[in-house]
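The next block is structure.cif, given as mmCIF, C-alpha atoms and all ligand atoms.
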data_model
loop_
_atom_site.label_atom_id
_atom_site.label_comp_id
_atom_site.auth_asym_id
_atom_site.auth_seq_id
_atom_site.Cartn_x
_atom_site.Cartn_y
_atom_site.Cartn_z
CA MET A 1121 -20.29 -35.58 -8.99
CA ILE A 1122 -20.52 -34.03 -5.53
CA ASP A 1123 -23.97 -32.67 -4.77
CA SER A 1124 -24.96 -29.89 -2.41
CA LYS A 1125 -26.27 -32.43 0.12
CA TYR A 1126 -22.77 -33.91 0.45
CA VAL A 1127 -21.35 -30.42 1.13
CA ALA A 1128 -24.10 -29.52 3.60
CA ASP A 1129 -23.75 -32.81 5.48
CA PHE A 1130 -19.96 -32.58 5.53
CA ARG A 1131 -20.06 -29.00 6.81
CA ALA A 1132 -22.60 -29.97 9.50
CA TYR A 1133 -20.41 -32.91 10.57
CA GLU A 1134 -17.27 -30.75 10.72
CA ARG A 1135 -19.07 -28.05 12.71
CA SER A 1136 -20.38 -30.62 15.16
CA LEU A 1137 -16.77 -31.41 16.03
CA GLN A 1138 -16.08 -27.82 17.06
CA THR A 1139 -16.72 -27.86 20.78
CA GLY A 1140 -15.75 -24.80 22.80
CA PRO A 1141 -13.79 -22.78 20.24
CA GLN A 1142 -10.83 -20.99 21.76
CA ASN A 1143 -11.56 -18.01 19.54
CA GLU A 1144 -15.17 -17.45 18.47
CA ARG A 1145 -14.24 -14.84 15.86
CA VAL A 1146 -11.75 -17.15 14.17
CA ALA A 1147 -14.29 -19.99 14.29
CA HIS A 1148 -16.95 -17.77 12.73
CA CYS A 1149 -14.64 -16.66 9.89
CA VAL A 1150 -13.35 -20.17 9.17
CA ASN A 1151 -16.89 -21.55 9.10
CA ARG A 1152 -18.15 -18.81 6.79
CA LEU A 1153 -15.12 -19.24 4.56
CA MET A 1154 -15.64 -22.99 4.26
CA ASP A 1155 -19.39 -22.57 3.71
CA VAL A 1156 -18.61 -20.29 0.77
CA LEU A 1157 -15.56 -22.09 -0.62
CA MET A 1158 -16.69 -25.71 -0.64
CA PRO A 1159 -19.58 -25.33 -3.11
CA LEU A 1160 -17.26 -23.30 -5.35
CA VAL A 1161 -14.56 -25.94 -5.74
CA LEU A 1162 -14.35 -27.13 -9.33
CA LYS A 1163 -13.36 -30.72 -9.92
CA PRO A 1164 -9.60 -30.46 -9.41
CA THR A 1165 -7.14 -33.00 -10.68
CA ARG A 1166 -4.56 -34.27 -8.21
CA GLU A 1167 -1.94 -32.27 -10.11
CA GLU A 1168 -4.00 -29.09 -9.78
CA TRP A 1169 -4.52 -29.77 -6.09
CA ASP A 1170 -0.79 -30.35 -5.57
CA ALA A 1171 0.00 -27.17 -7.49
CA MET A 1172 -2.39 -25.18 -5.30
CA THR A 1173 -1.02 -26.55 -2.04
CA ALA A 1174 2.55 -25.94 -3.24
CA TYR A 1175 1.59 -22.38 -4.15
CA ILE A 1176 0.04 -21.66 -0.75
CA SER A 1177 2.80 -23.32 1.26
CA GLY A 1178 5.47 -21.50 -0.75
CA LEU A 1179 4.12 -18.02 -0.19
CA GLY A 1180 6.00 -17.15 3.00
CA PRO A 1181 5.39 -13.93 4.94
CA VAL A 1182 6.06 -11.31 2.25
CA HIS A 1183 4.12 -12.97 -0.56
CA THR A 1184 1.23 -13.87 1.74
CA LYS A 1185 0.93 -10.19 2.62
CA LEU A 1186 1.17 -9.26 -1.04
CA VAL A 1187 -1.43 -11.78 -2.24
CA LEU A 1188 -3.94 -10.65 0.41
CA TRP A 1189 -3.37 -7.12 -0.87
CA LEU A 1190 -3.69 -8.06 -4.56
CA VAL A 1191 -7.09 -9.65 -4.03
CA GLY A 1192 -8.30 -6.65 -2.00
CA LEU A 1193 -8.72 -8.24 1.43
CA THR A 1194 -6.17 -5.93 3.05
CA GLN A 1195 -7.98 -2.90 1.63
CA LEU A 1196 -11.26 -4.26 3.00
CA MET A 1197 -9.71 -4.68 6.45
CA GLU A 1198 -8.44 -1.08 6.36
CA GLU A 1199 -11.86 0.26 5.31
CA ILE A 1200 -13.62 -1.72 8.04
CA ASN A 1201 -11.23 -0.34 10.66
CA SER A 1202 -11.00 3.19 9.33
CA ASN A 1203 -12.35 6.01 11.48
CA ILE A 1204 -11.50 8.55 8.80
CA GLY A 1205 -14.36 10.71 7.56
CA PRO A 1206 -14.88 11.79 3.95
CA GLU A 1207 -13.42 15.26 4.50
CA ALA A 1208 -10.01 13.88 5.57
CA THR A 1209 -7.28 12.30 3.46
CA GLN A 1210 -8.42 8.77 2.82
CA MET A 1211 -6.70 5.65 4.08
CA GLY A 1212 -4.78 3.37 1.73
CA VAL A 1213 -2.71 0.29 2.49
CA GLU A 1214 0.80 -0.14 3.88
CA GLY A 1215 1.91 -2.84 1.45
CA PRO A 1216 4.77 -5.27 1.93
CA PHE A 1217 7.70 -2.90 1.37
CA PHE A 1218 7.57 -0.69 4.47
CA ALA A 1219 10.73 -0.97 6.59
CA PRO A 1220 10.75 0.39 10.14
CA GLY A 1221 13.73 2.40 11.38
CA ALA A 1222 14.22 4.79 8.45
CA PRO A 1223 16.39 7.80 9.35
CA LEU A 1224 15.16 11.32 10.04
CA ARG A 1225 16.00 13.46 6.99
CA PRO A 1226 16.75 17.20 7.37
CA GLU A 1227 14.06 19.53 6.07
CA GLY A 1228 13.89 19.36 2.28
CA ALA A 1229 16.71 16.82 2.12
CA SER A 1230 16.70 13.91 -0.26
CA LEU A 1231 15.50 10.48 0.83
CA SER A 1232 18.29 9.08 -1.30
CA GLU A 1233 22.04 9.54 -1.27
CA ASP A 1234 22.33 7.64 -4.52
CA PRO A 1235 22.79 10.15 -7.34
CA ALA A 1236 22.39 7.55 -10.08
CA GLY A 1237 19.43 7.12 -12.31
CA ALA A 1238 16.22 9.06 -12.46
CA ASP A 1239 15.43 12.72 -12.45
CA TRP A 1240 14.63 14.03 -8.99
CA LEU A 1241 11.08 14.32 -7.72
CA PHE A 1242 10.24 17.17 -5.35
CA LEU A 1243 7.02 16.80 -3.37
CA GLU A 1244 5.68 19.41 -1.02
CA GLY A 1245 2.47 20.44 0.66
CA ILE A 1246 0.81 21.25 3.94
CA VAL A 1247 -0.51 19.07 6.73
CA THR A 1248 -3.74 20.30 8.30
CA ASP A 1249 -6.64 19.01 10.32
CA VAL A 1250 -9.98 18.48 8.58
CA ALA A 1251 -10.92 22.12 9.23
CA GLY A 1252 -7.83 23.26 7.31
CA LYS A 1253 -5.85 24.37 10.38
CA PRO A 1254 -2.13 23.75 9.80
CA LEU A 1255 -0.56 21.18 12.10
CA PRO A 1256 2.99 22.17 13.07
CA ASN A 1257 5.92 19.78 13.28
CA VAL A 1258 4.11 16.66 12.06
CA THR A 1259 6.47 13.78 11.41
CA MET A 1260 5.68 11.76 8.32
CA GLU A 1261 7.38 8.67 7.02
CA ALA A 1262 7.86 8.34 3.28
CA TRP A 1263 9.15 5.44 1.18
CA ALA A 1264 9.35 4.80 -2.52
CA ALA A 1265 10.82 2.53 -5.12
CA ASN A 1266 14.07 3.70 -6.66
CA HIS A 1267 14.76 4.47 -10.32
CA LYS A 1268 14.93 0.71 -11.01
CA GLY A 1269 11.53 0.07 -9.44
CA THR A 1270 12.95 -1.78 -6.44
CA TYR A 1271 12.79 -1.14 -2.70
CA SER A 1272 15.91 -0.89 -0.58
CA ASN A 1273 14.94 -3.78 1.71
CA PHE A 1274 14.69 -6.11 -1.31
CA ASP A 1275 17.57 -4.75 -3.41
CA LEU A 1276 20.96 -6.12 -2.34
CA GLU A 1277 22.71 -3.34 -4.26
CA ALA A 1278 20.76 -0.54 -2.59
CA VAL A 1279 22.09 1.72 0.14
CA PRO A 1280 20.27 0.82 3.40
CA PHE A 1281 17.10 2.91 3.73
CA ASP A 1282 17.60 4.40 0.27
CA CYS A 1283 14.43 6.27 -0.80
CA ARG A 1284 13.07 6.13 2.74
CA GLY A 1285 12.99 8.59 5.56
CA LYS A 1286 11.16 10.51 8.22
CA VAL A 1287 10.35 14.09 7.26
CA VAL A 1288 9.14 16.75 9.71
CA ALA A 1289 6.80 19.53 8.61
CA ASP A 1290 7.68 23.05 9.76
CA ALA A 1291 5.86 25.27 12.24
CA GLN A 1292 3.30 26.17 9.55
CA GLY A 1293 2.67 22.52 8.69
CA ARG A 1294 4.59 22.68 5.42
CA TYR A 1295 6.70 19.71 4.35
CA LYS A 1296 9.14 19.13 1.50
CA LEU A 1297 10.86 16.02 0.32
CA GLN A 1298 13.06 14.91 -2.53
CA THR A 1299 13.51 11.43 -3.94
CA PRO A 1300 14.43 9.93 -7.30
CA TYR A 1301 11.33 9.84 -9.51
CA PRO A 1302 10.23 6.30 -8.64
CA ALA A 1303 9.96 3.81 -11.47
CA GLN A 1304 6.90 1.77 -12.23
CA TYR A 1305 7.34 -1.83 -11.19
CA ALA A 1306 5.66 -5.11 -11.95
CA ILE A 1307 4.39 -7.52 -9.34
CA LYS A 1308 6.60 -10.59 -9.42
CA GLY A 1309 6.60 -14.15 -8.09
CA PRO A 1310 3.46 -15.79 -6.69
CA GLY A 1311 1.54 -12.52 -6.89
CA ALA A 1312 2.26 -12.32 -10.62
CA GLN A 1313 1.20 -15.96 -11.05
CA LEU A 1314 -2.15 -15.17 -9.43
CA LEU A 1315 -2.74 -11.96 -11.42
CA THR A 1316 -1.87 -13.67 -14.68
CA ALA A 1317 -4.14 -16.61 -13.89
CA ILE A 1318 -7.12 -14.32 -13.36
CA GLY A 1319 -6.28 -11.97 -16.24
CA ARG A 1320 -5.02 -8.86 -14.45
CA GLN A 1321 -2.09 -6.77 -15.59
CA LEU A 1322 1.04 -6.76 -13.37
CA TRP A 1323 2.24 -3.17 -13.25
CA ARG A 1324 2.06 -0.62 -10.47
CA PRO A 1325 2.09 3.10 -11.24
CA ARG A 1326 4.86 5.35 -9.98
CA HIS A 1327 4.05 6.25 -6.37
CA VAL A 1328 5.37 7.47 -3.05
CA HIS A 1329 4.10 5.87 0.17
CA PHE A 1330 3.30 7.96 3.25
CA MET A 1331 2.57 7.09 6.85
CA ILE A 1332 1.56 9.78 9.35
CA ASP A 1333 0.97 8.80 12.96
CA HIS A 1334 0.48 12.14 14.71
CA PRO A 1335 -0.73 12.26 18.34
CA GLY A 1336 -4.46 12.99 18.56
CA PHE A 1337 -5.13 12.00 14.94
CA GLU A 1338 -6.02 8.79 13.18
CA LYS A 1339 -3.02 7.04 11.69
CA LEU A 1340 -2.89 7.62 7.95
CA ILE A 1341 -1.22 5.33 5.43
CA MET A 1342 -1.57 6.05 1.73
CA GLN A 1343 0.37 6.54 -1.46
CA VAL A 1344 0.53 9.45 -3.85
CA CYS A 1345 0.41 8.66 -7.59
CA PHE A 1346 0.78 10.87 -10.61
CA GLU A 1347 -1.63 12.02 -13.28
CA GLY A 1348 -0.67 10.74 -16.74
CA ASP A 1349 0.71 7.44 -15.47
CA GLU A 1350 -0.86 4.73 -17.64
CA PHE A 1351 -1.17 2.42 -14.63
CA ALA A 1352 -2.63 4.95 -12.15
CA ARG A 1353 -6.20 3.79 -12.78
CA ILE A 1354 -5.46 0.13 -13.51
CA ASP A 1355 -3.08 -0.42 -10.59
CA SER A 1356 -2.26 -4.12 -10.21
CA ALA A 1357 -2.33 -3.71 -6.42
CA LEU A 1358 -5.73 -1.96 -6.30
CA ALA A 1359 -4.07 0.60 -4.03
CA VAL A 1360 -4.75 3.89 -5.79
CA LYS A 1361 -7.67 6.08 -4.81
CA GLU A 1362 -8.69 8.80 -7.24
CA GLU A 1363 -8.01 11.58 -4.73
CA HIS A 1364 -4.44 10.33 -4.32
CA ILE A 1365 -3.57 11.01 -7.98
CA ILE A 1366 -1.91 14.42 -8.34
CA PRO A 1367 -0.69 16.50 -11.29
CA ILE A 1368 3.02 16.28 -11.88
CA ALA A 1369 5.23 18.73 -13.75
CA HIS A 1370 8.44 17.80 -15.56
CA HIS A 1371 10.93 20.68 -15.66
CA THR A 1372 13.45 20.49 -18.46
CA ASP A 1373 14.28 24.17 -18.78
CA ALA A 1374 18.01 24.81 -18.22
CA ALA A 1375 17.41 27.91 -16.10
CA ALA A 1376 14.95 26.09 -13.84
CA ILE A 1377 17.40 23.21 -13.45
CA LYS A 1378 20.21 25.59 -12.58
CA ALA A 1379 18.02 27.48 -10.10
CA ARG A 1380 17.50 24.23 -8.19
CA GLY A 1381 21.21 23.55 -8.17
CA LEU A 1382 20.68 20.41 -10.26
CA ASP A 1383 22.30 18.97 -13.35
CA LYS A 1384 19.29 17.19 -14.84
CA PRO A 1385 15.54 17.69 -15.30
CA PHE A 1386 13.25 17.26 -12.33
CA TYR A 1387 9.62 16.74 -11.41
CA THR A 1388 7.47 18.69 -8.96
CA GLY A 1389 4.17 17.87 -7.33
CA THR A 1390 2.04 19.07 -4.44
CA TYR A 1391 -0.05 17.02 -2.06
CA ASP A 1392 -1.82 18.38 1.03
CA PHE A 1393 -2.74 16.06 3.87
CA LYS A 1394 -5.86 16.49 5.99
CA LEU A 1395 -5.70 14.46 9.17
CA GLN A 1396 -8.75 13.09 10.96
CA PRO A 1397 -8.82 13.87 14.70
CA VAL A 1398 -9.29 10.82 16.90
CA ILE A 1399 -12.89 10.69 18.05
CA GLN A 1400 -13.09 9.50 21.63
CA ALA A 1401 -15.34 6.51 22.31
CA SER A 1402 -17.63 8.55 24.58
CA SER A 1403 -18.27 11.21 21.91
CA LYS A 1404 -18.65 8.50 19.22
CA ALA A 1405 -21.50 6.99 21.20
CA ALA A 1406 -23.18 10.37 21.74
FE FE B 1 5.09 0.63 -3.46
#

Represent the structure of the file as structure tokens.
Amino acid sequence: MIDSKYVADFRAYERSLQTGPQNERVAHCVNRLMDVLMPLVLKPTREEWDAMTAYISGLGPVHTKLVLWLVGLTQLMEEINSNIGPEATQMGVEGPFFAPGAPLRPEGASLSEDPAGADWLFLEGIVTDVAGKPLPNVTMEAWAANHKGTYSNFDLEAVPFDCRGKVVADAQGRYKLQTPYPAQYAIKGPGAQLLTAIGRQLWRPRHVHFMIDHPGFEKLIMQVCFEGDEFARIDSALAVKEEHIIPIAHHTDAAAIKARGLDKPFYTGTYDFKLQPVIQASSKAA
């Protein structure tokens, strides 16, 4: 049985070997992490230890990012760094499925050229500052899973940049976008192993990701989810904030479908963004 004196002495010995850290912040975090972790280690078998090291070494870049998100550390980092006040649209997390380089879509155009699968989702709203003043010509980036619950950068069958695009709001700050109603999807791979081991469900609610990086305003990354989704408030990725859940309407009426020029039912939802102006360091200190 390892007692607390062994841990304390071992930690003191290890720290005594740290002379002139190259990075004091890294040294501080590693030391705090080890101080907390070592007394928590249960008596592992060699097989358990090997399984853990195989798990960690097998994560790779995407799953490492995902696991840090699933346990909430990425969200914590975003909250610590956020300069967004309570009156603005709140920050979320980027997640592992963002892909840079998505094309600019014409106003109101679909993010997808793939007609297969789900009913269309139409989202619209207005982009303002925190005082409610419309912000003209704001470019926003949107990305979503497709009707199968997969993302184009991880789906070999998907059209490149399917369900992704840059959308520009008009002179009155109004934006519109269209995408297939995204499917729910389950966390897979090492992330699913972790969630299952600790007794958390695997599914993510339907959602559309947004990123707005407008000059003079704090960068906003978040995702819009939909009221009535059974996973909206038990999201496996802990990524849904209550204010990001919006009502959604399903339109099945033939006349409404025809008026949209469609051949199948569709969904509509509205979300308005309020951007936080960047507060200069000098005025922050004042
Ligand atoms: Fe997502």

Could you tell me, counting only C-alpha atoms and all ligand atoms, which protein and nucleic acid residues lie no more than 7 Å from ligand FE 1 (chain B), written as an mmCIF file with C-alpha atoms, keeping the file's coordinate frame?
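New file pocket_28.cif:
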data_model
loop_
_atom_site.group_PDB
_atom_site.id
_atom_site.type_symbol
_atom_site.label_atom_id
_atom_site.label_comp_id
_atom_site.auth_asym_id
_atom_site.auth_seq_id
_atom_site.Cartn_x
_atom_site.Cartn_y
_atom_site.Cartn_z
ATOM 1 C CA GLY A 1215 1.910 -2.840 1.450
ATOM 2 C CA PHE A 1217 7.700 -2.900 1.370
ATOM 3 C CA ALA A 1264 9.350 4.800 -2.520
ATOM 4 C CA ALA A 1265 10.820 2.530 -5.120
ATOM 5 C CA HIS A 1327 4.050 6.250 -6.370
ATOM 6 C CA VAL A 1328 5.370 7.470 -3.050
ATOM 7 C CA HIS A 1329 4.100 5.870 0.170
#

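Distance annotation: of A:Leu1276, A:Leu1243, A:Ala1312, A:Leu1358, the residue with the minimal separation from Val1344 of chain A is A:Leu1243; atom set is all atoms listed in the file.
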
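Considering the residues A:Phe1386, A:Met1154, A:Gln1138, A:Ser1356 and counting all atoms listed in the file, Ala1374 of chain A has its shortest atom-to-atom contact with A:Phe1386.
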
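The space between atom CA of Gly1319 of chain A and atom CA of Met1342 of chain A spans 25.9 Å.
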
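Each of A:Asp1282, A:Glu1233, A:Asp1355, A:Glu1261 was checked against Gln1304 of chain A using all atoms listed in the file; the smallest atom-to-atom distance is that of A:Asp1355.
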
From the list A:Phe1281, A:Tyr1301, A:Tyr1271, A:Phe1337, which residue is nearest Leu1255 of chain A when using only C-alpha atoms?
A:Phe1337

Mind pulling up the distance from atom CA of Ile1354 of chain A to atom CA of Leu1314 of chain A?
16.2 Å

Enumerate, as a ChimeraX atom specification, the protein, DNA and RNA residues whose atoms approach (7.2, 5.1, -11.1) to within 10 Å, taking into account all atoms listed in the file and the coordinate frame of the file.
/A:1238,1264-1269,1300-1305,1323-1328,1345-1346,1349,1351-1352

Tell me which protein, DNA and RNA residues are within 6 Å of Pro1254 of chain A, counting all atoms listed in the file, leaving out same-chain ones fewer than 6 positions away, and put them as a ChimeraX atom specification.
/A:1247-1248,1292-1293

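Between atom CA of Tyr1295 of chain A and atom CA of Pro1223 of chain A the interatomic distance comes to 16.1 Å.
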
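Distances to Ala1229 of chain A were evaluated for A:Ala1251, A:Leu1188, A:Leu1162, A:Leu1297 using all atoms listed in the file, and the minimum falls at A:Leu1297.
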
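The nearest approach to Tyr1175 of chain A among the residues A:Gly1389, A:Gln1313, A:Pro1206, A:Asp1275, with only C-alpha atoms taken into account, belongs to A:Gln1313.
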
Please determine the residues with any atom at most 12 Å from (1.7, -6.7, -1.2) (coordinates as given in the file, with all atoms listed in the file counting) and report them as a short mmCIF file (atom, residue, chain, number, x, y, z; two decimals) with C-alpha atoms, keeping the file's coordinate frame.
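Generated output (part_3.cif):
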data_model
loop_
_atom_site.label_atom_id
_atom_site.label_comp_id
_atom_site.auth_asym_id
_atom_site.auth_seq_id
_atom_site.Cartn_x
_atom_site.Cartn_y
_atom_site.Cartn_z
CA LEU A 1179 4.12 -18.02 -0.19
CA PRO A 1181 5.39 -13.93 4.94
CA VAL A 1182 6.06 -11.31 2.25
CA HIS A 1183 4.12 -12.97 -0.56
CA THR A 1184 1.23 -13.87 1.74
CA LYS A 1185 0.93 -10.19 2.62
CA LEU A 1186 1.17 -9.26 -1.04
CA VAL A 1187 -1.43 -11.78 -2.24
CA LEU A 1188 -3.94 -10.65 0.41
CA TRP A 1189 -3.37 -7.12 -0.87
CA LEU A 1190 -3.69 -8.06 -4.56
CA VAL A 1191 -7.09 -9.65 -4.03
CA GLY A 1192 -8.30 -6.65 -2.00
CA LEU A 1193 -8.72 -8.24 1.43
CA THR A 1194 -6.17 -5.93 3.05
CA GLN A 1195 -7.98 -2.90 1.63
CA VAL A 1213 -2.71 0.29 2.49
CA GLU A 1214 0.80 -0.14 3.88
CA GLY A 1215 1.91 -2.84 1.45
CA PRO A 1216 4.77 -5.27 1.93
CA PHE A 1217 7.70 -2.90 1.37
CA PHE A 1218 7.57 -0.69 4.47
CA ALA A 1306 5.66 -5.11 -11.95
CA ILE A 1307 4.39 -7.52 -9.34
CA LYS A 1308 6.60 -10.59 -9.42
CA GLY A 1309 6.60 -14.15 -8.09
CA PRO A 1310 3.46 -15.79 -6.69
CA GLY A 1311 1.54 -12.52 -6.89
CA ALA A 1312 2.26 -12.32 -10.62
CA ARG A 1324 2.06 -0.62 -10.47
CA SER A 1356 -2.26 -4.12 -10.21
CA ALA A 1357 -2.33 -3.71 -6.42
CA LEU A 1358 -5.73 -1.96 -6.30
CA ALA A 1359 -4.07 0.60 -4.03
#
